[in-house]
>>> print(open('data_34.cif').read())   # mmCIF, C-alpha atoms
data_model
#
loop_
_atom_site.label_atom_id
_atom_site.label_comp_id
_atom_site.auth_asym_id
_atom_site.auth_seq_id
_atom_site.Cartn_x
_atom_site.Cartn_y
_atom_site.Cartn_z
CA MET J 1 -161.23 -126.74 -125.06
CA ILE J 2 -161.60 -130.00 -123.18
CA ILE J 3 -158.39 -131.98 -122.61
CA ASN J 4 -158.42 -135.71 -121.93
CA TYR J 5 -155.42 -137.99 -121.70
CA THR J 6 -154.23 -141.56 -121.33
CA CYS J 7 -150.80 -142.55 -120.03
CA GLN J 8 -149.16 -145.95 -120.19
CA ASN J 9 -145.48 -146.64 -119.59
CA GLY J 10 -144.71 -142.98 -120.04
CA ARG J 11 -146.53 -142.67 -123.39
CA LEU J 12 -148.80 -139.72 -122.78
CA VAL J 13 -151.60 -139.23 -125.32
CA PHE J 14 -153.77 -136.11 -125.28
CA GLU J 15 -157.19 -135.80 -126.87
CA LEU J 16 -158.59 -132.37 -127.67
CA ILE J 17 -162.34 -131.81 -127.71
CA SER J 18 -163.29 -128.41 -129.08
CA GLU J 19 -166.07 -126.39 -127.53
CA GLU J 20 -168.33 -123.88 -129.22
CA ASP J 21 -166.11 -120.83 -128.82
CA ASP J 22 -162.80 -122.56 -129.56
CA PRO J 23 -161.22 -121.23 -132.80
CA GLN J 24 -160.52 -123.88 -135.39
CA THR J 25 -158.42 -121.46 -137.41
CA GLU J 26 -156.32 -118.46 -136.48
CA ARG J 27 -154.61 -115.80 -138.58
CA ILE J 28 -151.03 -115.12 -137.57
CA PHE J 29 -148.47 -112.54 -138.69
CA THR J 30 -145.73 -114.23 -140.70
CA ILE J 31 -142.08 -113.60 -141.38
CA PHE J 32 -143.06 -112.22 -144.80
CA LYS J 33 -145.00 -109.29 -143.22
CA THR J 34 -148.30 -110.86 -144.18
CA THR J 35 -150.85 -112.96 -142.35
CA THR J 36 -151.47 -116.63 -142.88
CA GLN J 37 -154.08 -118.99 -141.57
CA VAL J 38 -153.23 -121.88 -139.26
CA GLU J 39 -155.78 -124.54 -138.46
CA LEU J 40 -156.24 -127.29 -135.92
CA ALA J 41 -155.48 -130.32 -138.06
CA SER J 42 -155.65 -133.09 -135.45
CA ASN J 43 -157.35 -133.65 -132.11
CA LYS J 44 -154.63 -135.93 -130.75
CA PHE J 45 -150.93 -135.80 -130.02
CA GLU J 46 -148.52 -137.80 -127.91
CA ILE J 47 -145.35 -137.27 -125.91
CA HIS J 48 -143.00 -140.06 -124.81
CA LEU J 49 -141.75 -139.51 -121.27
CA PRO J 50 -139.78 -141.82 -118.92
CA SER J 51 -141.54 -145.17 -118.49
CA ASP J 52 -142.27 -144.60 -114.80
CA TRP J 53 -143.74 -141.13 -115.36
CA THR J 54 -147.43 -140.79 -114.45
CA ILE J 55 -149.83 -137.87 -114.41
CA GLU J 56 -149.19 -137.61 -110.67
CA SER J 57 -145.56 -136.79 -111.54
CA VAL J 58 -146.48 -133.23 -112.50
CA HIS J 59 -148.26 -130.49 -110.58
CA PRO J 60 -151.73 -129.86 -112.11
CA ASP J 61 -150.91 -126.17 -112.63
CA VAL J 62 -147.84 -127.07 -114.70
CA LEU J 63 -149.84 -129.63 -116.69
CA ALA J 64 -152.37 -126.92 -117.49
CA LEU J 65 -149.64 -124.49 -118.53
CA ALA J 66 -148.04 -127.12 -120.77
CA MET J 67 -151.35 -127.68 -122.54
CA MET J 68 -151.88 -123.95 -122.97
CA ALA J 69 -148.44 -123.65 -124.56
CA ALA J 70 -149.18 -126.57 -126.88
CA ILE J 71 -152.53 -125.38 -128.26
CA TYR J 72 -152.79 -121.68 -127.34
CA PRO J 73 -154.30 -120.24 -130.57
CA PHE J 74 -157.13 -122.78 -130.47
CA ILE J 75 -158.30 -122.10 -126.90
CA GLY J 76 -161.45 -120.03 -126.60
CA SER J 77 -162.62 -118.75 -123.26
CA THR J 78 -161.93 -121.92 -121.28
CA ILE J 79 -159.57 -124.87 -121.06
CA ARG J 80 -160.84 -127.86 -119.07
CA LEU J 81 -158.56 -130.58 -117.72
CA PRO J 82 -159.15 -133.80 -115.77
CA LEU J 83 -157.22 -132.45 -112.77
CA GLY J 84 -158.21 -129.27 -110.96
CA VAL J 85 -155.74 -126.38 -110.78
CA SER J 86 -155.02 -124.14 -107.82
CA LYS J 87 -157.25 -121.13 -107.37
CA SER J 88 -154.17 -118.93 -107.49
CA PHE J 89 -153.15 -120.27 -110.92
CA HIS J 90 -156.71 -119.97 -112.23
CA ASN J 91 -156.88 -116.33 -111.14
CA ILE J 92 -153.51 -115.41 -112.66
CA VAL J 93 -154.38 -117.06 -115.99
CA LYS J 94 -157.70 -115.25 -116.10
CA ARG J 95 -156.09 -111.90 -115.29
CA VAL J 96 -153.29 -112.31 -117.84
CA THR J 97 -155.12 -114.04 -120.72
CA GLN J 98 -158.85 -113.53 -120.02
CA LYS J 99 -159.19 -117.32 -120.23
CA GLN J 100 -160.35 -119.71 -117.52
CA VAL J 101 -158.61 -122.94 -116.50
CA LEU J 102 -161.07 -125.39 -114.97
CA PRO J 103 -161.84 -127.09 -112.70
CA ILE J 104 -160.47 -125.34 -109.62
CA ASN J 105 -159.20 -127.48 -106.76
CA GLU J 106 -159.74 -125.28 -103.70
CA ASN J 107 -157.42 -127.51 -101.66
CA LEU J 108 -154.47 -127.40 -104.05
CA SER J 109 -151.51 -125.19 -103.18
CA PRO J 110 -149.57 -123.41 -105.96
CA ARG J 111 -146.45 -125.18 -107.20
CA LYS J 112 -143.20 -124.42 -105.39
CA ALA J 113 -139.87 -125.51 -106.85
CA SER J 114 -137.48 -127.49 -104.70
CA ALA J 115 -134.54 -125.68 -103.13
CA HIS J 116 -132.27 -128.09 -105.05
CA ALA J 117 -133.99 -127.52 -108.41
CA VAL J 118 -131.98 -126.94 -111.60
CA PRO J 119 -132.63 -125.23 -114.96
CA ALA J 120 -134.12 -126.73 -118.11
CA LEU J 121 -133.37 -125.52 -121.64
CA THR J 122 -134.92 -126.34 -124.99
CA TYR J 123 -132.01 -127.44 -127.17
CA SER J 124 -131.94 -127.83 -130.95
CA GLY J 125 -128.26 -128.41 -131.66
CA GLY J 126 -128.13 -125.04 -133.42
CA VAL J 127 -125.92 -122.05 -132.73
CA ASP J 128 -128.30 -120.08 -130.56
CA SER J 129 -129.44 -122.85 -128.21
CA THR J 130 -125.83 -124.00 -127.93
CA ALA J 131 -124.79 -120.49 -126.87
CA ALA J 132 -127.59 -120.59 -124.27
CA ALA J 133 -126.32 -123.95 -123.01
CA ILE J 134 -122.81 -122.51 -122.67
CA LEU J 135 -124.07 -119.63 -120.52
CA LEU J 136 -126.31 -121.74 -118.29
CA PRO J 137 -124.96 -123.89 -115.43
CA GLU J 138 -123.55 -127.26 -116.42
CA ASN J 139 -126.29 -129.06 -114.45
CA THR J 140 -128.94 -127.65 -116.81
CA HIS J 141 -131.11 -130.33 -118.44
CA LEU J 142 -131.20 -129.95 -122.23
CA PHE J 143 -134.39 -131.00 -124.02
CA TYR J 144 -134.44 -131.88 -127.69
CA PHE J 145 -137.87 -131.90 -129.34
CA ASP J 146 -137.63 -135.20 -131.23
CA ARG J 147 -140.19 -134.95 -134.02
CA MET J 148 -142.32 -138.03 -134.70
CA ILE J 149 -143.29 -137.55 -138.32
CA PRO J 150 -146.74 -139.02 -139.08
CA SER J 151 -146.65 -142.18 -141.19
CA ASP J 152 -149.45 -141.07 -143.50
CA GLY J 153 -147.27 -140.08 -146.41
CA MET J 154 -146.56 -136.57 -145.13
CA ARG J 155 -143.60 -135.02 -146.91
CA THR J 156 -141.06 -133.09 -144.88
CA LEU J 157 -137.70 -131.40 -145.44
CA LEU J 158 -136.77 -132.05 -141.81
CA ASN J 159 -133.62 -134.09 -141.24
CA GLN J 160 -132.73 -134.66 -137.58
CA GLU J 161 -129.36 -136.36 -138.14
CA ALA J 162 -127.30 -133.26 -137.27
CA ALA J 163 -129.44 -132.55 -134.20
CA TYR J 164 -129.05 -136.13 -132.96
CA TYR J 165 -125.30 -135.84 -133.47
CA ALA J 166 -125.24 -132.62 -131.42
CA CYS J 167 -127.33 -134.21 -128.65
CA ASP J 168 -125.08 -137.26 -128.50
CA SER J 169 -121.97 -135.06 -128.52
CA MET J 170 -123.35 -132.99 -125.63
CA SER J 171 -124.08 -136.18 -123.70
CA ALA J 172 -120.56 -137.44 -124.35
CA ILE J 173 -119.04 -134.42 -122.63
CA GLY J 174 -121.23 -134.87 -119.58
CA ARG J 175 -124.26 -132.65 -120.25
CA THR J 176 -127.71 -134.06 -119.44
CA VAL J 177 -129.71 -134.33 -122.67
CA HIS J 178 -133.24 -135.68 -123.15
CA LYS J 179 -134.54 -136.50 -126.62
CA ILE J 180 -138.31 -136.44 -126.13
CA LYS J 181 -140.36 -137.98 -128.94
CA THR J 182 -143.58 -136.17 -129.80
CA ASP J 183 -145.86 -135.39 -132.74
CA MET J 184 -147.20 -132.22 -131.11
CA GLN J 185 -146.16 -129.97 -133.99
CA TYR J 186 -148.39 -131.90 -136.36
CA ILE J 187 -151.68 -130.99 -134.68
CA ARG J 188 -151.39 -127.71 -136.60
CA LYS J 189 -151.47 -127.08 -140.34
CA PRO J 190 -149.10 -125.79 -141.55
CA VAL J 191 -146.82 -127.72 -139.22
CA GLY J 192 -145.25 -125.68 -136.44
CA PHE J 193 -145.25 -124.59 -132.83
CA ASN J 194 -148.40 -122.92 -131.55
CA SER J 195 -146.53 -120.64 -129.13
CA TYR J 196 -142.99 -119.64 -128.20
CA LEU J 197 -143.28 -121.84 -125.12
CA ALA J 198 -144.51 -124.90 -127.02
CA ASP J 199 -141.06 -126.44 -127.46
CA ALA J 200 -140.71 -126.37 -123.66
CA VAL J 201 -143.75 -128.63 -123.15
CA PRO J 202 -141.60 -131.74 -122.47
CA ALA J 203 -139.56 -129.82 -119.88
CA LEU J 204 -142.74 -128.54 -118.26
CA LEU J 205 -144.22 -132.02 -117.98
CA LEU J 206 -140.97 -133.21 -116.39
CA ALA J 207 -140.50 -130.15 -114.16
CA ASP J 208 -141.42 -132.02 -110.97
CA TYR J 209 -140.05 -135.39 -112.09
CA TYR J 210 -136.51 -133.99 -112.42
CA GLY J 211 -136.92 -130.84 -110.34
CA PHE J 212 -136.73 -127.59 -112.32
CA ASP J 213 -137.01 -124.00 -111.15
CA THR J 214 -136.66 -122.33 -114.53
CA VAL J 215 -137.19 -123.13 -118.21
CA GLY J 216 -135.90 -121.35 -121.27
CA HIS J 217 -134.91 -121.52 -124.91
CA GLY J 218 -132.42 -120.01 -127.32
CA GLN J 219 -134.31 -117.02 -128.69
CA THR J 220 -132.05 -114.09 -129.50
CA LEU J 221 -132.46 -110.33 -129.31
CA ASP J 222 -133.40 -110.33 -132.99
CA ILE J 223 -136.59 -112.32 -132.30
CA GLY J 224 -137.30 -111.54 -128.67
CA TYR J 225 -137.32 -107.77 -129.12
CA GLN J 226 -138.31 -107.88 -132.81
CA VAL J 227 -135.14 -106.03 -133.77
CA GLY J 228 -134.32 -106.22 -137.45
CA HIS J 229 -137.80 -106.77 -138.83
CA LEU J 230 -140.37 -104.84 -136.76
CA GLY J 231 -138.25 -102.20 -135.09
CA PHE J 232 -138.14 -102.73 -131.34
CA LYS J 233 -140.71 -103.90 -128.83
CA ASP J 234 -140.45 -104.81 -125.14
CA CYS J 235 -139.99 -108.58 -125.05
CA LYS J 236 -142.60 -108.91 -122.29
CA GLU J 237 -145.13 -107.60 -124.83
CA THR J 238 -144.07 -109.76 -127.79
CA LYS J 239 -145.29 -113.32 -128.34
CA VAL J 240 -141.97 -114.58 -126.97
CA GLY J 241 -142.70 -113.11 -123.54
CA ASN J 242 -146.45 -112.59 -123.42
CA PRO J 243 -148.21 -114.28 -121.61
CA TRP J 244 -145.51 -116.83 -120.74
CA PHE J 245 -143.30 -114.55 -118.65
CA ARG J 246 -146.09 -114.12 -116.08
CA LEU J 247 -147.61 -117.60 -116.32
CA LEU J 248 -144.28 -119.32 -115.67
CA GLN J 249 -143.83 -117.21 -112.56
CA ALA J 250 -147.20 -118.52 -111.37
CA VAL J 251 -145.79 -122.07 -111.26
CA ASP J 252 -142.37 -121.08 -109.85
CA LEU J 253 -140.64 -121.75 -113.17
CA THR J 254 -139.10 -118.38 -113.89
CA TYR J 255 -138.38 -117.78 -117.58
CA THR J 256 -134.63 -117.88 -118.23
CA LEU J 257 -133.61 -116.70 -121.69
CA PRO J 258 -129.80 -116.41 -121.49
CA ILE J 259 -129.28 -114.97 -124.98
CA ILE J 260 -132.40 -112.79 -125.34
CA GLY J 261 -130.16 -109.72 -124.97
CA LEU J 262 -127.63 -110.94 -127.57
CA SER J 263 -127.85 -110.84 -131.36
CA GLU J 264 -126.98 -113.77 -133.61
CA VAL J 265 -123.64 -112.06 -134.13
CA THR J 266 -122.71 -112.59 -130.50
CA THR J 267 -124.15 -116.10 -130.18
CA THR J 268 -122.00 -117.08 -133.17
CA GLN J 269 -118.97 -115.57 -131.45
CA ILE J 270 -119.68 -117.46 -128.23
CA VAL J 271 -120.02 -120.82 -129.99
CA ASN J 272 -116.97 -120.22 -132.19
CA GLN J 273 -114.86 -119.76 -129.07
CA SER J 274 -116.06 -123.03 -127.56
CA PRO J 275 -115.35 -126.73 -128.16
CA PHE J 276 -119.05 -127.10 -129.05
CA ARG J 277 -118.41 -125.52 -132.45
CA GLU J 278 -117.38 -128.90 -133.83
CA PHE J 279 -120.88 -130.35 -133.59
CA THR J 280 -123.14 -127.29 -133.74
CA GLN J 281 -125.23 -126.87 -136.89
CA ALA J 282 -128.01 -124.37 -137.53
CA CYS J 283 -129.63 -126.14 -140.48
CA SER J 284 -132.40 -128.63 -139.70
CA ARG J 285 -132.58 -129.99 -143.25
CA GLY J 286 -129.03 -131.07 -143.96
CA LYS J 287 -126.92 -134.00 -142.82
CA VAL J 288 -124.20 -134.03 -140.16
CA LYS J 289 -121.70 -131.27 -141.01
CA GLN J 290 -123.51 -130.84 -144.34
CA PRO J 291 -126.06 -128.01 -144.17
CA CYS J 292 -128.62 -128.13 -146.97
CA MET J 293 -127.48 -124.73 -148.35
CA ASN J 294 -130.98 -124.36 -149.76
CA CYS J 295 -132.81 -122.35 -147.08
CA PHE J 296 -132.77 -118.82 -145.72
CA LYS J 297 -131.22 -119.97 -142.44
CA CYS J 298 -128.27 -121.45 -144.35
CA PHE J 299 -127.99 -118.20 -146.32
CA ARG J 300 -127.87 -116.08 -143.18
CA LYS J 301 -125.94 -118.33 -140.83
CA SER J 302 -123.28 -119.43 -143.31
CA LEU J 303 -122.58 -115.84 -144.37
CA LEU J 304 -122.41 -114.71 -140.76
CA GLU J 305 -120.04 -117.56 -139.92
CA LYS J 306 -117.68 -116.55 -142.72
CA VAL J 307 -117.75 -112.90 -141.67
CA MET J 308 -117.08 -113.78 -138.03
CA MET J 309 -114.17 -116.01 -139.07
CA ASN J 310 -112.81 -113.42 -141.55
CA HIS J 311 -113.15 -115.87 -144.43
CA PRO J 312 -113.39 -114.45 -147.98
CA LEU J 313 -116.76 -114.24 -149.74
CA THR J 314 -116.07 -115.30 -153.31
CA ASP J 315 -118.41 -114.49 -156.19
CA ARG J 316 -118.92 -118.21 -156.82
CA TYR J 317 -119.99 -118.75 -153.22
CA LEU J 318 -122.33 -115.76 -153.32
CA ASP J 319 -123.84 -116.95 -156.61
CA GLN J 320 -124.70 -120.22 -154.88
CA LEU J 321 -126.33 -118.47 -151.93
CA PHE J 322 -128.33 -115.97 -153.99
CA SER J 323 -129.75 -118.82 -156.07
CA ILE J 324 -131.57 -120.11 -152.97
CA LYS J 325 -135.28 -119.67 -153.68
CA ASP J 326 -136.17 -119.55 -149.98
CA ALA J 327 -133.81 -116.62 -149.48
CA GLN J 328 -135.25 -114.76 -152.45
CA ASN J 329 -138.73 -115.10 -150.90
CA TYR J 330 -137.46 -113.18 -147.88
CA PHE J 331 -135.77 -110.51 -149.99
CA ASN J 332 -138.94 -109.91 -152.03
CA ALA J 333 -141.14 -109.44 -148.95
CA PRO J 334 -142.14 -105.89 -147.91
CA PRO J 335 -139.27 -104.09 -146.15
CA PRO J 336 -137.61 -104.32 -143.77
CA ILE J 337 -136.33 -107.81 -144.62
CA TYR J 338 -136.56 -110.36 -141.83
CA PHE J 339 -133.29 -110.30 -139.84
CA SER J 340 -132.34 -107.03 -141.56
CA ASN J 341 -129.95 -106.28 -138.71
CA ILE J 342 -127.95 -109.48 -139.25
CA LEU J 343 -127.90 -108.95 -143.01
CA ALA J 344 -126.76 -105.35 -142.44
CA TYR J 345 -123.97 -106.61 -140.20
CA ILE J 346 -122.90 -109.16 -142.81
CA THR J 347 -123.02 -106.78 -145.77
CA SER J 348 -121.26 -103.99 -143.86
CA HIS J 349 -118.19 -106.24 -143.89
CA TYR J 350 -118.40 -106.86 -147.64
CA ASN J 351 -116.22 -104.80 -149.98
CA GLY J 352 -116.45 -106.84 -153.16
CA HIS J 353 -118.29 -106.29 -156.45
CA HIS J 354 -121.01 -108.98 -156.44
CA GLN J 355 -124.09 -107.12 -157.67
CA GLU J 356 -126.71 -109.01 -155.66
CA MET J 357 -124.64 -108.71 -152.50
CA LEU J 358 -124.23 -104.97 -153.09
CA SER J 359 -127.97 -104.66 -153.69
CA LEU J 360 -128.65 -106.45 -150.39
CA LYS J 361 -126.14 -104.16 -148.69
CA LYS J 362 -128.04 -101.11 -149.91
CA LYS J 363 -131.46 -102.61 -149.13
CA THR J 364 -130.49 -103.41 -145.53
CA ARG J 365 -128.40 -100.22 -145.23
CA GLY J 366 -125.29 -102.15 -144.39
CA ASP J 367 -123.44 -99.32 -146.15
CA VAL J 368 -124.58 -96.61 -143.71
CA LEU J 369 -125.84 -98.12 -140.47
CA GLN J 370 -123.97 -98.27 -137.17
CA ILE J 371 -123.73 -102.00 -136.42
CA ASP J 372 -121.30 -102.24 -133.47
CA TRP J 373 -124.17 -102.65 -130.98
CA MET J 374 -124.72 -106.16 -132.32
CA ASN J 375 -121.39 -107.08 -130.72
CA LYS J 376 -122.76 -106.11 -127.30
CA TRP J 377 -125.28 -107.17 -124.65
CA TYR J 378 -128.61 -105.45 -123.98
CA SER J 379 -128.40 -105.64 -120.19
CA LYS J 380 -132.07 -104.83 -119.54
CA SER J 381 -132.76 -108.35 -120.84
CA GLN J 382 -131.46 -109.80 -117.56
CA GLU J 383 -135.04 -109.52 -116.26
CA PHE J 384 -135.53 -112.69 -118.32
CA ILE J 385 -132.95 -114.57 -116.25
CA ALA J 386 -134.03 -116.20 -112.99
CA PRO J 387 -132.48 -114.28 -110.05
CA LYS J 388 -130.83 -117.49 -108.81
CA TYR J 389 -128.71 -117.72 -111.97
CA ARG J 390 -128.55 -114.05 -113.02
CA ASN J 391 -125.13 -113.04 -111.71
CA ASP J 392 -123.41 -116.16 -113.01
CA ILE J 393 -124.91 -115.81 -116.51
CA LYS J 394 -124.25 -112.06 -116.54
CA ASN J 395 -120.59 -112.60 -115.64
CA LYS J 396 -120.22 -115.21 -118.38
CA ILE J 397 -121.75 -112.89 -120.98
CA LEU J 398 -119.43 -110.05 -119.99
CA LYS J 399 -116.42 -112.31 -120.58
CA TYR J 400 -117.39 -112.29 -124.25
CA VAL J 401 -118.87 -108.83 -124.83
CA ASP J 402 -119.47 -105.41 -123.28
CA SER J 403 -122.87 -104.03 -122.33
CA MET J 404 -124.60 -101.62 -124.70
CA ASN J 405 -124.39 -97.96 -123.74
CA ALA J 406 -127.21 -95.45 -124.17
CA GLU J 407 -126.13 -94.61 -127.74
CA ASP J 408 -126.03 -98.30 -128.70
CA ILE J 409 -129.53 -98.85 -127.32
CA GLN J 410 -130.91 -95.85 -129.19
CA THR J 411 -129.34 -97.09 -132.43
CA MET J 412 -130.74 -100.60 -131.86
CA LYS J 413 -134.25 -99.30 -131.26
CA GLN J 414 -134.36 -96.91 -134.21
CA SER J 415 -132.38 -98.52 -137.01
CA PHE J 416 -134.86 -101.11 -138.25
CA SER J 417 -138.27 -99.62 -137.68
CA GLU J 418 -140.59 -99.39 -140.68
CA ALA J 419 -140.49 -95.60 -140.34
CA TYR J 420 -136.70 -95.65 -140.70
CA PHE J 421 -136.87 -97.66 -143.91
CA LYS J 422 -139.43 -95.24 -145.36
CA GLN J 423 -137.11 -92.26 -144.89
CA GLY J 424 -135.76 -90.65 -147.98
#
>>> encode(input="data_34.cif", output="structure tokens")
Amino acid sequence: MIINYTCQNGRLVFELISEEDDPQTERIFTIFKTTTQVELASNKFEIHLPSDWTIESVHPDVLALAMMAAIYPFIGSTIRLPLGVSKSFHNIVKRVTQKQVLPINENLSPRKASAHAVPALTYSGGVDSTAAAILLPENTHLFYFDRMIPSDGMRTLLNQEAAYYACDSMSAIGRTVHKIKTDMQYIRKPVGFNSYLADAVPALLLADYYGFDTVGHGQTLDIGYQVGHLGFKDCKETKVGNPWFRLLQAVDLTYTLPIIGLSEVTTTQIVNQSPFREFTQACSRGKVKQPCMNCFKCFRKSLLEKVMMNHPLTDRYLDQLFSIKDAQNYFNAPPPIYFSNILAYITSHYNGHHQEMLSLKKKTRGDVLQIDWMNKWYSKSQEFIAPKYRNDIKNKILKYVDSMNAEDIQTMKQSFSEAYFKQG
């Protein structure tokens, strides 16, 4: 893949020129336990950075990494950029991904973060990224991925009002928030991020402009270690960690994932005990303080919120939730259901008579599973916290929850594997 760019007054436009071995389509494993095809739908995208930002504002190795994160499935054997990368970065990329980054600038030293550098976090305004922001130092820069929806009649369910409200509320209490406009998600069809590092592309491009030594996002244990839908897998080997864990180290931007060892149960607890609860909203389709209540995220998050707050689950409320078509799509997928662990936690606290809720309880084994580990921290995950910030984040986590013991870890690893659900 050949990458060209233009930059004027901070408006950075990338042009993608495919080469012979660059995939135009890629099959990916979906949340419904099937594969779907994604395709490269556009050869251009843009990102709006500060008006005095220029291409010289970022180290060439970081620029290359940002582009890899943005278009990873569509890179063949080589990615070619206008600026040469360090030989060290080239060699690490080749060793980790079997891809080449060209050209090589033999005179370029690898990037080294400033001694006064600070963290950067991808922030959505939702529960999980808010919990991550609470655990990170207050000088962390929060980056909201401000979607520029194409003006070609594209229909979208996205509504960014609640996210803007959360960003503005964070700013009002003194946190540094950047809303970075980009249409990067729309180079792919169906629309979406091409990697788990893609939403950090704005932070990467601004890593030297503001001075960052670590980047991260609000992925939880449930996604990072594939707990609850694919059993358990070392996060360094999942698409959350691989190859980004090692490539970020190559540019002195250690991955920091503050909540990767915490389930959604605990991130909800952390936010509920904070003043941020007033403006945090998981749904990206609804209005401010008005979730759409028509998507699987609303199904899961709203139920979890009620359970965590000890609010009653009435039959009328459950009827409304189980009528959500998006949720039914998840329930009808091959077992285990996506986020089975969270649904098991929710249903384990339900003692009513609603038939669909009882059916979900049985399907996710909320009636028999040990679920207390979801109230705890998987401490091995601290390898995904930059050493500079590790003790502080660890101490904050332990103010909310205990660490998992050996029995908890064994239960976590075994409870939601496909083999487990085939028993009996």
>>> closest_residue(input="data_34.cif", among="J:Ser42, J:Thr347, J:Thr122, J:Thr214", to="J:Ala198", atoms="only C-alpha atoms")
J:Thr122
>>> atom_distance(input="data_34.cif", atom1="atom CA of J:Thr314", atom2="atom CA of J:Phe339")
22.4 Å
>>> residues_around(input="data_34.cif", residues="J:Glu138", least_positions_apart="6", cutoff="12 Å", atoms="all atoms listed in the file", output="compact mmCIF listing (two decimals) with C-alpha atoms, in the coordinates of the input")
# COMPACT_ATOMS: atom_id res chain seq x y z
CA VAL J 118 -131.98 -126.94 -111.60
CA PRO J 119 -132.63 -125.23 -114.96
CA ALA J 120 -134.12 -126.73 -118.11
CA LEU J 121 -133.37 -125.52 -121.64
CA ALA J 132 -127.59 -120.59 -124.27
CA MET J 170 -123.35 -132.99 -125.63
CA SER J 171 -124.08 -136.18 -123.70
CA ILE J 173 -119.04 -134.42 -122.63
CA GLY J 174 -121.23 -134.87 -119.58
CA ARG J 175 -124.26 -132.65 -120.25
CA THR J 176 -127.71 -134.06 -119.44
CA VAL J 177 -129.71 -134.33 -122.67
CA TYR J 389 -128.71 -117.72 -111.97
CA ASP J 392 -123.41 -116.16 -113.01
CA ILE J 393 -124.91 -115.81 -116.51
>>> resolve_selection(input="data_34.cif", expression="the PyMOL selection byres ((chain J and resi 194) around 9)", output="ChimeraX atom specification")
/J:69-74,185,188,192-193,195-198
>>> atom_distance(input="data_34.cif", atom1="atom CA of J:Lys289", atom2="atom CA of J:Lys396")
27.8 Å
>>> closest_residue(input="data_34.cif", among="J:Leu221, J:Ile55, J:Leu321, J:Met404", to="J:Asn341", atoms="only C-alpha atoms")
J:Leu221
>>> residues_around(input="data_34.cif", residues="J:Ile2", least_positions_apart="3", cutoff="9 Å", atoms="all atoms listed in the file", output="ChimeraX atom specification")
/J:15-19,78-82
>>> atom_distance(input="data_34.cif", atom1="atom CA of J:Glu46", atom2="atom CA of J:Arg11")
6.9 Å
>>> closest_residue(input="data_34.cif", among="J:Lys362, J:Asp234, J:Leu247, J:Lys388", to="J:Asn91", atoms="only C-alpha atoms")
J:Leu247
>>> closest_atom_pairs(input="data_34.cif", of="stretch 193-291 of chain J", to="stretch 409-416 of chain J", cutoff="8 Å", atoms="all atoms listed in the file", output="CSV")
residue,atom,partner,partner_atom,distance
J:Val227,CA,J:Phe416,CA,6.7
J:Gly228,CA,J:Phe416,CA,5.2
J:His229,CA,J:Phe416,CA,6.4
J:Leu230,CA,J:Phe416,CA,6.8
J:Gly231,CA,J:Phe416,CA,4.8
J:Phe232,CA,J:Lys413,CA,5.2
>>> resolve_selection(input="data_34.cif", expression="the PyMOL selection byres ((chain J and resi 280) around 7)", output="mmCIF file with C-alpha atoms, keeping the file's coordinate frame")
data_model
loop_
_atom_site.group_PDB
_atom_site.id
_atom_site.type_symbol
_atom_site.label_atom_id
_atom_site.label_comp_id
_atom_site.auth_asym_id
_atom_site.auth_seq_id
_atom_site.Cartn_x
_atom_site.Cartn_y
_atom_site.Cartn_z
ATOM 1 C CA GLY J 125 -128.260 -128.410 -131.660
ATOM 2 C CA GLY J 126 -128.130 -125.040 -133.420
ATOM 3 C CA VAL J 127 -125.920 -122.050 -132.730
ATOM 4 C CA ALA J 166 -125.240 -132.620 -131.420
ATOM 5 C CA PHE J 276 -119.050 -127.100 -129.050
ATOM 6 C CA ARG J 277 -118.410 -125.520 -132.450
ATOM 7 C CA GLU J 278 -117.380 -128.900 -133.830
ATOM 8 C CA PHE J 279 -120.880 -130.350 -133.590
ATOM 9 C CA GLN J 281 -125.230 -126.870 -136.890
ATOM 10 C CA ALA J 282 -128.010 -124.370 -137.530
#
>>> closest_atom_pairs(input="data_34.cif", of="stretch 247-293 of chain J", to="stretch 149-157 of chain J", cutoff="10 Å", atoms="only C-alpha atoms", output="CSV")
residue,atom,partner,partner_atom,distance
J:Ser284,CA,J:Leu157,CA,8.3
J:Arg285,CA,J:Leu157,CA,5.7
J:Gly286,CA,J:Leu157,CA,8.8
J:Cys292,CA,J:Leu157,CA,9.8
>>> closest_residue(input="data_34.cif", among="J:Ile270, J:Ala203, J:Met293, J:Met1", to="J:His217", atoms="all atoms listed in the file")
J:Ala203
>>> resolve_selection(input="data_34.cif", expression="the PyMOL selection byres ((chain J and resi 343) around 8)", output="VMD selection string")
chain J and resid 300 339 to 342 344 to 347 360 to 361 364 366
>>> closest_residue(input="data_34.cif", among="J:Tyr338, J:Tyr350, J:Tyr5, J:Phe14", to="J:Ile223", atoms="all atoms listed in the file")
J:Tyr338
